[in-house]
Amino acid sequence: MNTFKLKIITPDGSFYDSDAYQLSLKSIDGEISILAGHIPYLTAVGMGECRVYTSPGEEPMRAACCGGMLKVSKEGVLLAPTTFEWAQDIDSERAQSAKERAEAALSGNPSEAEKRIAAQKLARAAVRLKVAAKSGKK
C-alpha cells in the first residue's frame with residue numbers, strides 16, 4: 001500500500017501529521033482526491049467535506065473543511081484550510097442554530113454585503129451538519 005505524508009494545519013493548530021492513503025476534498029474547481037505519487041499541485045480549497053483515508057477499504061476520518069490552500073509536492077501533502085473541524089468535534093446543535101440564524105438573516109431585507117455574509121454562514125453550517133450526519137453524530 002502506497003501512502004504519503006499528510007499535514008493538516010490551520011491558524012488554530014495542527015489537526016493531522018501522519019501518513020495517509022488518500023485525501024479527498026472539495027477544491028474551488030470541484031471534488032479532488034490525492035493518492036501517493038500525485039503530480040505537484042496547488043489549489044484553493046472550497047467548502048465541503050474532507051475525507052482522510054489511512055488505508056484502502058477503511059472508513060475515512062471526516063471533517064468539515066472551508067477555504068485555504070492545498071499543496072502537493074514530492075515531500076508530501078499540506079492542507080492549510082481556513083477552518084477545519086473533525087466530525088466528532090462538531091456541535092450539531094450549534095451548527096443548526098447558526099443555520100437558522102443565517103436563514104433568518106436572508107429572509108429579511110438584507111443589503112448585498114449582509115446577503116453574502118449570511119450565505120457564507122449558511123453554507124458553512126450546512127457543511128458542518130452534513131459531515132456530522134454522515135459520521136452518525138446527531
# chains A, B, ... in the order shown; residues from 1 in each chain; ligands from 1

call {"tool": "residues_around", "arguments": {"residues": "stretch 27-41 of chain A", "least_positions_apart": "5", "cutoff": "8 Å", "atoms": "only C-alpha atoms", "output": "PDB file with all heavy atoms, in the first residue's frame"}}
result
ATOM      1  N   ASN A   2       0.675   2.100  -0.981  1.00  0.00           N
ATOM      2  CA  ASN A   2       1.423   3.346  -1.061  1.00  0.00           C
ATOM      3  C   ASN A   2       0.729   4.423  -0.242  1.00  0.00           C
ATOM      4  O   ASN A   2      -0.473   4.629  -0.370  1.00  0.00           O
ATOM      5  CB  ASN A   2       1.535   3.816  -2.513  1.00  0.00           C
ATOM      6  CG  ASN A   2       2.449   2.936  -3.322  1.00  0.00           C
ATOM      7  OD1 ASN A   2       3.306   2.260  -2.778  1.00  0.00           O
ATOM      8  ND2 ASN A   2       2.277   2.947  -4.620  1.00  0.00           N
ATOM      9  N   THR A   3       1.499   5.113   0.575  1.00  0.00           N
ATOM     10  CA  THR A   3       0.963   6.212   1.369  1.00  0.00           C
ATOM     11  C   THR A   3       1.820   7.449   1.126  1.00  0.00           C
ATOM     12  O   THR A   3       2.864   7.383   0.486  1.00  0.00           O
ATOM     13  CB  THR A   3       0.963   5.883   2.872  1.00  0.00           C
ATOM     14  OG1 THR A   3       2.297   5.631   3.303  1.00  0.00           O
ATOM     15  CG2 THR A   3       0.076   4.680   3.174  1.00  0.00           C
ATOM     16  N   PHE A   4       1.363   8.556   1.646  1.00  0.00           N
ATOM     17  CA  PHE A   4       2.099   9.805   1.547  1.00  0.00           C
ATOM     18  C   PHE A   4       1.999  10.526   2.884  1.00  0.00           C
ATOM     19  O   PHE A   4       1.121  10.244   3.699  1.00  0.00           O
ATOM     20  CB  PHE A   4       1.571  10.689   0.404  1.00  0.00           C
ATOM     21  CG  PHE A   4       0.107  11.008   0.507  1.00  0.00           C
ATOM     22  CD1 PHE A   4      -0.334  12.146   1.171  1.00  0.00           C
ATOM     23  CD2 PHE A   4      -0.840  10.171  -0.072  1.00  0.00           C
ATOM     24  CE1 PHE A   4      -1.691  12.442   1.271  1.00  0.00           C
ATOM     25  CE2 PHE A   4      -2.193  10.457   0.023  1.00  0.00           C
ATOM     26  CZ  PHE A   4      -2.618  11.595   0.690  1.00  0.00           C
ATOM     27  N   TYR A  21      -3.411   7.278   2.976  1.00  0.00           N
ATOM     28  CA  TYR A  21      -3.534   6.538   1.727  1.00  0.00           C
ATOM     29  C   TYR A  21      -4.206   7.407   0.658  1.00  0.00           C
ATOM     30  O   TYR A  21      -3.844   7.389  -0.501  1.00  0.00           O
ATOM     31  CB  TYR A  21      -4.343   5.260   1.968  1.00  0.00           C
ATOM     32  CG  TYR A  21      -4.738   4.542   0.715  1.00  0.00           C
ATOM     33  CD1 TYR A  21      -3.790   3.827  -0.025  1.00  0.00           C
ATOM     34  CD2 TYR A  21      -6.038   4.581   0.239  1.00  0.00           C
ATOM     35  CE1 TYR A  21      -4.140   3.175  -1.194  1.00  0.00           C
ATOM     36  CE2 TYR A  21      -6.397   3.932  -0.930  1.00  0.00           C
ATOM     37  CZ  TYR A  21      -5.446   3.237  -1.642  1.00  0.00           C
ATOM     38  OH  TYR A  21      -5.787   2.603  -2.802  1.00  0.00           O
ATOM     39  N   GLN A  22      -5.201   8.197   1.096  1.00  0.00           N
ATOM     40  CA  GLN A  22      -5.953   9.053   0.172  1.00  0.00           C
ATOM     41  C   GLN A  22      -6.505  10.248   0.923  1.00  0.00           C
ATOM     42  O   GLN A  22      -6.903  10.142   2.082  1.00  0.00           O
ATOM     43  CB  GLN A  22      -7.105   8.270  -0.451  1.00  0.00           C
ATOM     44  CG  GLN A  22      -7.970   9.057  -1.411  1.00  0.00           C
ATOM     45  CD  GLN A  22      -9.085   8.206  -2.011  1.00  0.00           C
ATOM     46  OE1 GLN A  22      -8.989   6.994  -2.094  1.00  0.00           O
ATOM     47  NE2 GLN A  22     -10.153   8.856  -2.419  1.00  0.00           N
ATOM     48  N   GLY A  46     -12.188  24.639  -1.475  1.00  0.00           N
ATOM     49  CA  GLY A  46     -13.571  25.093  -1.434  1.00  0.00           C
ATOM     50  C   GLY A  46     -14.166  24.850  -0.059  1.00  0.00           C
ATOM     51  O   GLY A  46     -13.457  24.741   0.941  1.00  0.00           O
ATOM     52  N   MET A  47     -15.479  24.727  -0.015  1.00  0.00           N
ATOM     53  CA  MET A  47     -16.180  24.487   1.236  1.00  0.00           C
ATOM     54  C   MET A  47     -16.897  23.154   1.122  1.00  0.00           C
ATOM     55  O   MET A  47     -17.754  22.979   0.255  1.00  0.00           O
ATOM     56  CB  MET A  47     -17.192  25.619   1.468  1.00  0.00           C
ATOM     57  CG  MET A  47     -17.828  25.595   2.831  1.00  0.00           C
ATOM     58  SD  MET A  47     -19.006  26.942   3.088  1.00  0.00           S
ATOM     59  CE  MET A  47     -17.993  28.383   2.862  1.00  0.00           C
ATOM     60  N   LEU A  70      -4.306  23.907  -0.706  1.00  0.00           N
ATOM     61  CA  LEU A  70      -3.799  22.538  -0.729  1.00  0.00           C
ATOM     62  C   LEU A  70      -2.558  22.526  -1.600  1.00  0.00           C
ATOM     63  O   LEU A  70      -2.589  23.016  -2.742  1.00  0.00           O
ATOM     64  CB  LEU A  70      -4.842  21.575  -1.304  1.00  0.00           C
ATOM     65  CG  LEU A  70      -4.348  20.144  -1.543  1.00  0.00           C
ATOM     66  CD1 LEU A  70      -4.143  19.428  -0.211  1.00  0.00           C
ATOM     67  CD2 LEU A  70      -5.333  19.384  -2.412  1.00  0.00           C
ATOM     68  N   LYS A  71      -1.463  21.988  -1.068  1.00  0.00           N
ATOM     69  CA  LYS A  71      -0.210  21.903  -1.815  1.00  0.00           C
ATOM     70  C   LYS A  71       0.255  20.450  -1.827  1.00  0.00           C
ATOM     71  O   LYS A  71       0.396  19.828  -0.773  1.00  0.00           O
ATOM     72  CB  LYS A  71       0.865  22.770  -1.160  1.00  0.00           C
ATOM     73  CG  LYS A  71       2.220  22.656  -1.830  1.00  0.00           C
ATOM     74  CD  LYS A  71       3.271  23.431  -1.048  1.00  0.00           C
ATOM     75  CE  LYS A  71       4.647  23.171  -1.616  1.00  0.00           C
ATOM     76  NZ  LYS A  71       5.693  23.722  -0.746  1.00  0.00           N
ATOM     77  N   VAL A  72       0.489  19.930  -3.032  1.00  0.00           N
ATOM     78  CA  VAL A  72       1.015  18.581  -3.198  1.00  0.00           C
ATOM     79  C   VAL A  72       2.411  18.715  -3.793  1.00  0.00           C
ATOM     80  O   VAL A  72       2.591  19.364  -4.822  1.00  0.00           O
ATOM     81  CB  VAL A  72       0.121  17.733  -4.143  1.00  0.00           C
ATOM     82  CG1 VAL A  72       0.689  16.339  -4.306  1.00  0.00           C
ATOM     83  CG2 VAL A  72      -1.310  17.675  -3.628  1.00  0.00           C
ATOM     84  N   SER A  73       3.394  18.108  -3.136  1.00  0.00           N
ATOM     85  CA  SER A  73       4.766  18.131  -3.640  1.00  0.00           C
ATOM     86  C   SER A  73       5.384  16.754  -3.421  1.00  0.00           C
ATOM     87  O   SER A  73       4.771  15.882  -2.803  1.00  0.00           O
ATOM     88  CB  SER A  73       5.591  19.202  -2.924  1.00  0.00           C
ATOM     89  OG  SER A  73       5.778  18.850  -1.558  1.00  0.00           O
ATOM     90  N   LYS A  74       6.593  16.577  -3.897  1.00  0.00           N
ATOM     91  CA  LYS A  74       7.245  15.276  -3.717  1.00  0.00           C
ATOM     92  C   LYS A  74       7.517  14.988  -2.245  1.00  0.00           C
ATOM     93  O   LYS A  74       7.639  13.834  -1.851  1.00  0.00           O
ATOM     94  CB  LYS A  74       8.518  15.183  -4.546  1.00  0.00           C
ATOM     95  CG  LYS A  74       9.581  16.154  -4.157  1.00  0.00           C
ATOM     96  CD  LYS A  74      10.797  16.028  -5.053  1.00  0.00           C
ATOM     97  CE  LYS A  74      11.830  17.084  -4.652  1.00  0.00           C
ATOM     98  NZ  LYS A  74      12.996  17.034  -5.470  1.00  0.00           N
TER      99      LYS A  74
END

call {"tool": "residues_around", "arguments": {"residues": "A:Val127", "least_positions_apart": "3", "cutoff": "6 Å", "atoms": "only C-alpha atoms", "output": "number ranges by chain"}}
result
A: 48, 124, 130

call {"tool": "select_by_dssp", "arguments": {"residues": "chain A", "states": "strand (DSSP E or B)", "output": "JSON, numbers by chain"}}
result
{"A": [4, 5, 6, 7, 8, 9, 10, 13, 14, 15, 16, 17, 18, 19, 20, 22, 23, 24, 25, 26, 27, 30, 31, 32, 33, 34, 35, 41, 42, 43, 44, 45, 47, 48, 49, 50, 51, 52, 53, 61, 62, 63, 64, 65, 66, 69, 70, 71, 72, 73, 76, 77, 78, 79, 80, 83, 84, 85, 86]}

call {"tool": "residues_around", "arguments": {"residues": "A:Gly136", "least_positions_apart": "6", "cutoff": "12 Å", "atoms": "only C-alpha atoms", "output": "tab-separated table (two decimals) with all heavy atoms, in the first residue's frame"}}
result
chain	number	residue	atom	x	y	z
A	62	ARG	N	-13.63	11.95	8.77
A	62	ARG	CA	-14.37	13.01	8.09
A	62	ARG	C	-14.23	14.33	8.85
A	62	ARG	O	-14.17	14.34	10.07
A	62	ARG	CB	-15.84	12.64	7.98
A	62	ARG	CG	-16.09	11.40	7.15
A	62	ARG	CD	-17.57	11.03	7.12
A	62	ARG	NE	-17.80	9.78	6.43
A	62	ARG	CZ	-17.92	9.65	5.13
A	62	ARG	NH1	-17.85	10.72	4.35
A	62	ARG	NH2	-18.12	8.47	4.58
A	87	ALA	N	-15.36	15.51	12.37
A	87	ALA	CA	-16.78	15.22	12.57
A	87	ALA	C	-17.15	15.04	14.03
A	87	ALA	O	-18.17	15.56	14.49
A	87	ALA	CB	-17.16	13.97	11.76
A	88	GLN	N	-16.32	14.33	14.78
A	88	GLN	CA	-16.64	14.06	16.18
A	88	GLN	C	-16.59	15.31	17.06
A	88	GLN	O	-17.12	15.32	18.16
A	88	GLN	CB	-15.72	12.97	16.76
A	88	GLN	CG	-14.27	13.35	16.87
A	88	GLN	CD	-13.44	12.98	15.65
A	88	GLN	OE1	-13.97	12.74	14.57
A	88	GLN	NE2	-12.13	12.95	15.83
A	90	ILE	N	-17.79	18.31	15.96
A	90	ILE	CA	-18.84	19.24	15.52
A	90	ILE	C	-19.98	19.25	16.53
A	90	ILE	O	-20.50	18.20	16.91
A	90	ILE	CB	-19.36	18.87	14.11
A	90	ILE	CG1	-18.25	19.08	13.08
A	90	ILE	CG2	-20.60	19.69	13.77
A	90	ILE	CD1	-18.60	18.58	11.69
A	92	SER	N	-23.49	19.77	16.70
A	92	SER	CA	-24.62	19.82	15.77
A	92	SER	C	-25.67	20.84	16.17
A	92	SER	O	-26.26	21.50	15.30
A	92	SER	CB	-25.26	18.43	15.63
A	92	SER	OG	-24.33	17.52	15.08
A	129	LEU	N	-23.25	20.33	9.37
A	129	LEU	CA	-24.36	19.41	9.65
A	129	LEU	C	-24.27	18.15	8.79
A	129	LEU	O	-24.51	17.04	9.28
A	129	LEU	CB	-25.70	20.11	9.43
A	129	LEU	CG	-26.05	21.18	10.47
A	129	LEU	CD1	-27.22	22.02	10.01
A	129	LEU	CD2	-26.34	20.52	11.82
A	130	LYS	N	-23.90	18.31	7.53
A	130	LYS	CA	-23.77	17.16	6.62
A	130	LYS	C	-22.67	16.21	7.10
A	130	LYS	O	-22.85	14.99	7.13
A	130	LYS	CB	-23.48	17.66	5.21
A	130	LYS	CG	-23.28	16.56	4.20
A	130	LYS	CD	-22.97	17.16	2.82
A	130	LYS	CE	-22.61	16.09	1.84
A	130	LYS	NZ	-22.22	16.65	0.55

call {"tool": "select_by_dssp", "arguments": {"residues": "chain A", "states": "alpha helix (DSSP H)", "output": "JSON, numbers by chain"}}
result
{"A": [92, 93, 94, 95, 96, 97, 98, 99, 100, 101, 102, 103, 104, 105, 106, 107, 112, 113, 114, 115, 116, 117, 118, 119, 120, 121, 122, 123, 124, 125, 126, 127, 128, 129, 130, 131, 132, 133, 134]}

call {"tool": "write_last_selection", "arguments": {"atoms": "C-alpha atoms", "output": "PDB file, in the first residue's frame"}}
result
ATOM      1  CA  SER A  92     -24.615  19.816  15.772  1.00  0.00           C
ATOM      2  CA  GLU A  93     -26.913  21.954  17.895  1.00  0.00           C
ATOM      3  CA  ARG A  94     -24.638  24.962  17.459  1.00  0.00           C
ATOM      4  CA  ALA A  95     -24.409  24.316  13.700  1.00  0.00           C
ATOM      5  CA  GLN A  96     -28.216  24.041  13.468  1.00  0.00           C
ATOM      6  CA  SER A  97     -28.601  27.334  15.353  1.00  0.00           C
ATOM      7  CA  ALA A  98     -26.106  29.003  13.003  1.00  0.00           C
ATOM      8  CA  LYS A  99     -28.051  27.661  10.028  1.00  0.00           C
ATOM      9  CA  GLU A 100     -31.323  29.030  11.390  1.00  0.00           C
ATOM     10  CA  ARG A 101     -29.783  32.452  12.125  1.00  0.00           C
ATOM     11  CA  ALA A 102     -28.355  32.638   8.593  1.00  0.00           C
ATOM     12  CA  GLU A 103     -31.701  31.655   7.060  1.00  0.00           C
ATOM     13  CA  ALA A 104     -33.456  34.311   9.139  1.00  0.00           C
ATOM     14  CA  ALA A 105     -30.924  36.929   8.035  1.00  0.00           C
ATOM     15  CA  LEU A 106     -31.527  36.001   4.396  1.00  0.00           C
ATOM     16  CA  SER A 107     -35.318  36.067   4.733  1.00  0.00           C
ATOM     17  CA  GLU A 112     -25.876  42.833  -0.629  1.00  0.00           C
ATOM     18  CA  ALA A 113     -22.994  42.612   1.852  1.00  0.00           C
ATOM     19  CA  GLU A 114     -25.278  41.107   4.508  1.00  0.00           C
ATOM     20  CA  LYS A 115     -26.588  38.594   1.936  1.00  0.00           C
ATOM     21  CA  ARG A 116     -23.046  37.458   1.088  1.00  0.00           C
ATOM     22  CA  ILE A 117     -22.111  37.048   4.746  1.00  0.00           C
ATOM     23  CA  ALA A 118     -25.336  35.206   5.618  1.00  0.00           C
ATOM     24  CA  ALA A 119     -24.979  32.929   2.573  1.00  0.00           C
ATOM     25  CA  GLN A 120     -21.426  32.001   3.640  1.00  0.00           C
ATOM     26  CA  LYS A 121     -22.595  31.300   7.191  1.00  0.00           C
ATOM     27  CA  LEU A 122     -25.449  29.190   5.853  1.00  0.00           C
ATOM     28  CA  ALA A 123     -23.104  27.183   3.622  1.00  0.00           C
ATOM     29  CA  ARG A 124     -20.629  26.579   6.482  1.00  0.00           C
ATOM     30  CA  ALA A 125     -23.422  25.426   8.795  1.00  0.00           C
ATOM     31  CA  ALA A 126     -24.786  23.105   6.099  1.00  0.00           C
ATOM     32  CA  VAL A 127     -21.338  21.523   5.602  1.00  0.00           C
ATOM     33  CA  ARG A 128     -20.905  21.009   9.339  1.00  0.00           C
ATOM     34  CA  LEU A 129     -24.365  19.407   9.645  1.00  0.00           C
ATOM     35  CA  LYS A 130     -23.769  17.156   6.616  1.00  0.00           C
ATOM     36  CA  VAL A 131     -20.406  15.950   7.922  1.00  0.00           C
ATOM     37  CA  ALA A 132     -21.816  15.318  11.408  1.00  0.00           C
ATOM     38  CA  ALA A 133     -24.759  13.372   9.956  1.00  0.00           C
ATOM     39  CA  LYS A 134     -22.511  11.214   7.737  1.00  0.00           C
TER      40      LYS A 134
END

call {"tool": "atom_distance", "arguments": {"atom1": "atom CA of A:Leu42", "atom2": "atom CA of A:Glu59"}}
result
26.3 Å

call {"tool": "atom_distance", "arguments": {"atom1": "atom CA of A:Ser111", "atom2": "atom CA of A:Ala64"}}
result
28.0 Å
